[in-house]
$ cat my_file03.csv   # CSV, C-alpha atoms
chain,number,residue,atom,x,y,z
A,1,MET,CA,26.6,23.9,25.5
A,2,GLU,CA,26.3,27.6,24.8
A,3,PHE,CA,24.9,26.9,21.4
A,4,ILE,CA,22.1,24.7,22.9
A,5,GLN,CA,21.2,27.3,25.4
A,6,GLN,CA,20.9,30.1,22.8
A,7,ASN,CA,18.9,27.9,20.3
A,8,ILE,CA,16.8,25.8,22.6
A,9,LEU,CA,13.6,26.8,20.8
A,10,LEU,CA,15.0,25.7,17.4
A,11,ILE,CA,16.3,22.5,18.9
A,12,ALA,CA,12.9,21.7,20.5
A,13,VAL,CA,11.1,22.3,17.2
A,14,ALA,CA,13.5,20.1,15.3
A,15,MET,CA,13.1,17.3,17.9
A,16,VAL,CA,9.3,17.4,17.8
A,17,SER,CA,9.1,17.5,14.0
A,18,GLY,CA,11.6,14.7,13.7
A,19,SER,CA,9.7,12.5,16.2
A,20,LEU,CA,6.4,13.2,14.4
A,21,LEU,CA,7.9,12.3,11.1
A,22,LEU,CA,9.3,9.1,12.5
A,23,ALA,CA,6.0,8.2,14.1
A,24,LEU,CA,4.0,8.8,10.9
A,25,SER,CA,6.5,6.8,8.8
A,26,LEU,CA,6.3,3.8,11.1
A,27,ARG,CA,2.5,3.8,11.7
A,28,ARG,CA,0.4,2.3,8.9
A,29,PRO,CA,-3.3,1.4,9.1
A,30,GLY,CA,-3.7,-2.1,10.4
A,31,GLY,CA,0.0,-2.7,10.4
A,32,ALA,CA,0.2,-2.6,6.6
A,33,ARG,CA,3.5,-1.9,5.0
A,34,GLY,CA,3.8,0.4,2.0
A,35,VAL,CA,5.8,-0.8,-1.0
A,36,THR,CA,7.2,1.2,-3.9
A,37,PRO,CA,6.5,0.1,-7.5
A,38,ALA,CA,10.0,-1.4,-7.6
A,39,GLN,CA,9.4,-3.3,-4.3
A,40,ALA,CA,6.0,-4.5,-5.5
A,41,THR,CA,7.6,-5.8,-8.7
A,42,MET,CA,10.1,-7.8,-6.7
A,43,LEU,CA,7.3,-9.2,-4.5
A,44,ILE,CA,5.3,-10.2,-7.6
A,45,ASN,CA,8.3,-11.8,-9.4
A,46,ARG,CA,10.0,-13.5,-6.4
A,47,GLU,CA,7.1,-14.4,-4.1
A,48,ASN,CA,4.0,-14.5,-6.5
A,49,ALA,CA,2.4,-11.6,-4.6
A,50,VAL,CA,-1.4,-11.3,-5.2
A,51,LEU,CA,-2.5,-7.9,-6.5
A,52,ILE,CA,-5.9,-6.6,-5.5
A,53,ASP,CA,-7.2,-3.4,-7.1
A,54,VAL,CA,-9.6,-1.8,-4.7
A,55,ARG,CA,-11.0,0.8,-7.1
A,56,GLU,CA,-14.4,0.7,-8.6
A,57,ALA,CA,-15.0,-1.4,-11.8
A,58,ASN,CA,-15.0,1.6,-14.1
A,59,GLU,CA,-11.7,2.9,-12.7
A,60,TYR,CA,-10.2,-0.6,-13.0
A,61,ALA,CA,-11.3,-0.9,-16.7
A,62,GLY,CA,-9.5,2.4,-17.4
A,63,GLY,CA,-6.2,0.9,-16.6
A,64,HIS,CA,-4.9,-1.6,-14.0
A,65,LEU,CA,-1.9,-3.8,-13.2
A,66,SER,CA,-2.0,-6.8,-15.5
A,67,ALA,CA,-2.4,-9.5,-12.8
A,68,ALA,CA,-4.6,-7.5,-10.5
A,69,ARG,CA,-8.1,-8.8,-9.4
A,70,ASN,CA,-10.7,-6.1,-9.0
A,71,ILE,CA,-12.4,-6.2,-5.6
A,72,PRO,CA,-13.8,-2.7,-4.7
A,73,ALA,CA,-12.8,-1.5,-1.2
A,74,GLY,CA,-16.5,-1.4,-0.2
A,75,ALA,CA,-16.9,-5.1,-1.0
A,76,LEU,CA,-13.6,-6.3,0.3
A,77,ALA,CA,-14.9,-7.7,3.6
A,78,GLU,CA,-17.8,-9.6,2.0
A,79,ARG,CA,-15.6,-11.0,-0.8
A,80,ALA,CA,-12.7,-11.9,1.4
A,81,GLY,CA,-13.5,-15.5,1.0
A,82,GLU,CA,-12.2,-15.3,-2.6
A,83,LEU,CA,-8.8,-14.4,-1.1
A,84,GLU,CA,-8.8,-17.0,1.7
A,85,GLN,CA,-6.2,-19.2,0.0
A,86,PHE,CA,-3.7,-16.2,0.0
A,87,LYS,CA,-3.7,-15.5,3.7
A,88,ASP,CA,0.0,-16.3,4.1
A,89,LYS,CA,1.1,-14.9,0.7
A,90,PRO,CA,2.1,-11.3,0.1
A,91,VAL,CA,-1.0,-9.3,-0.9
A,92,ILE,CA,-0.6,-5.9,-2.5
A,93,LEU,CA,-3.6,-3.6,-2.5
A,94,VAL,CA,-3.7,-1.0,-5.2
A,95,CYS,CA,-5.9,2.1,-5.8
A,96,GLN,CA,-5.4,5.4,-7.6
A,97,THR,CA,-3.3,7.2,-5.1
A,98,GLY,CA,-2.7,4.8,-2.2
A,99,ALA,CA,-5.3,6.3,0.1
A,100,ARG,CA,-8.1,3.7,-0.4
A,101,SER,CA,-5.7,0.8,-0.4
A,102,SER,CA,-4.1,1.9,2.9
A,103,ALA,CA,-7.6,2.0,4.5
A,104,ALA,CA,-8.5,-1.4,3.0
A,105,CYS,CA,-5.4,-3.0,4.4
A,106,SER,CA,-6.8,-2.8,8.0
A,107,SER,CA,-9.8,-4.9,6.8
A,108,LEU,CA,-7.6,-7.7,5.5
A,109,VAL,CA,-5.4,-7.6,8.6
A,110,LYS,CA,-8.5,-8.0,10.8
A,111,LEU,CA,-9.5,-11.0,8.7
A,112,GLY,CA,-6.2,-12.7,9.4
A,113,PHE,CA,-4.0,-11.8,6.4
A,114,SER,CA,-0.4,-11.7,7.6
A,115,ARG,CA,1.4,-10.1,4.7
A,116,VAL,CA,-0.6,-7.2,3.5
A,117,HIS,CA,1.0,-4.3,1.6
A,118,THR,CA,-0.2,-1.2,-0.1
A,119,LEU,CA,1.3,0.3,-3.3
A,120,GLU,CA,2.6,3.7,-2.2
A,121,GLY,CA,1.3,6.3,-4.6
A,122,GLY,CA,-1.1,3.8,-6.3
A,123,ILE,CA,-1.6,3.6,-10.0
A,124,GLY,CA,-0.1,7.1,-10.4
A,125,ALA,CA,3.2,6.0,-8.9
A,126,TRP,CA,3.2,2.8,-11.0
A,127,THR,CA,2.8,4.7,-14.3
A,128,GLU,CA,5.2,7.4,-13.2
A,129,ALA,CA,7.8,4.6,-12.8
A,130,GLY,CA,7.2,3.7,-16.4
A,131,LEU,CA,5.5,0.4,-15.6
A,132,PRO,CA,2.7,-0.9,-17.9
A,133,LEU,CA,-1.0,-0.9,-17.3
A,134,LYS,CA,-3.6,-3.2,-18.9
A,135,LYS,CA,-6.8,-1.5,-20.2
A,136,GLY,CA,-10.3,-2.9,-20.1
A,137,GLY,CA,-11.5,-6.3,-18.9
A,138,ARG,CA,-12.9,-7.4,-15.6
A,139,ARG,CA,-11.3,-9.9,-13.4
$ encode --input "my_file03.csv" --output "structure tokens"
Amino acid sequence: MEFIQQNILLIAVAMVSGSLLLALSLRRPGGARGVTPAQATMLINRENAVLIDVREANEYAGGHLSAARNIPAGALAERAGELEQFKDKPVILVCQTGARSSAACSSLVKLGFSRVHTLEGGIGAWTEAGLPLKKGGRR
């Protein structure tokens, strides 16, 4: 008890920072769940997850996941009809760093997609994990 009284300020700071960290880790845009490259690979292999690359066409051509479809984030809402058949399947959104895909997740959740994920760290994390990219092409 004496320790708590002497270090109340440090304990308060630790509690506040811990609760903020917990809140940020649980809160994702649109209820989306981030997945690591390893988790994404498991979803692809086990549940035939659909990969959507939300980067622009020139970024996509520079290197993308082999099964990914390219639908730029700005066109996602208008092209959502192309994805209608995948509403109940896992959908993984991919961008360069994970920022655009996180924002795009909320669009798909609003359109009724129930299993939307974002690749944490994006293409950068994918290549850092030693996983392959396919260059060129438009899909």
$ atom_distance --input "my_file03.csv" --atom1 "atom CA of A:Val16" --atom2 "atom CA of A:Thr97"
28.1 Å
$ residues_around --input "my_file03.csv" --residues "stretch 125-133 of chain A" --least-positions-apart "6" --cutoff "10 Å" --atoms "only C-alpha atoms" --output "PyMOL selection string"
chain A and resi 36-38+40-41+62-67+94+96-98+119
$ residues_around --input "my_file03.csv" --residues "A:Leu76" --least-positions-apart "4" --cutoff "9 Å" --atoms "all atoms listed in the file" --output "list in words"
Val54, Ile71, Pro72, Ala80, Ala104, Ser107 and Leu108 of chain A
$ atom_distance --input "my_file03.csv" --atom1 "atom CA of A:Ser114" --atom2 "atom CA of A:Arg33"
10.9 Å
$ atom_distance --input "my_file03.csv" --atom1 "atom CA of A:Phe113" --atom2 "atom CA of A:Gln85"
10.0 Å
$ closest_residue --input "my_file03.csv" --among "A:Cys95, A:Met1, A:Ala14, A:Leu43" --to "A:Tyr60" --atoms "all atoms listed in the file"
A:Cys95
$ residues_near_point --input "my_file03.csv" --point "(-5.4, 3.0, -0.1)" --cutoff "12 Å" --atoms "all atoms listed in the file" --output "PyMOL selection string"
chain A and resi 28-30+32-35+52-55+72-74+92-107+116-123
$ residues_around --input "my_file03.csv" --residues "A:Arg115" --least-positions-apart "6" --cutoff "8 Å" --atoms "all atoms listed in the file" --output "VMD selection string"
chain A and resid 32 87 to 91
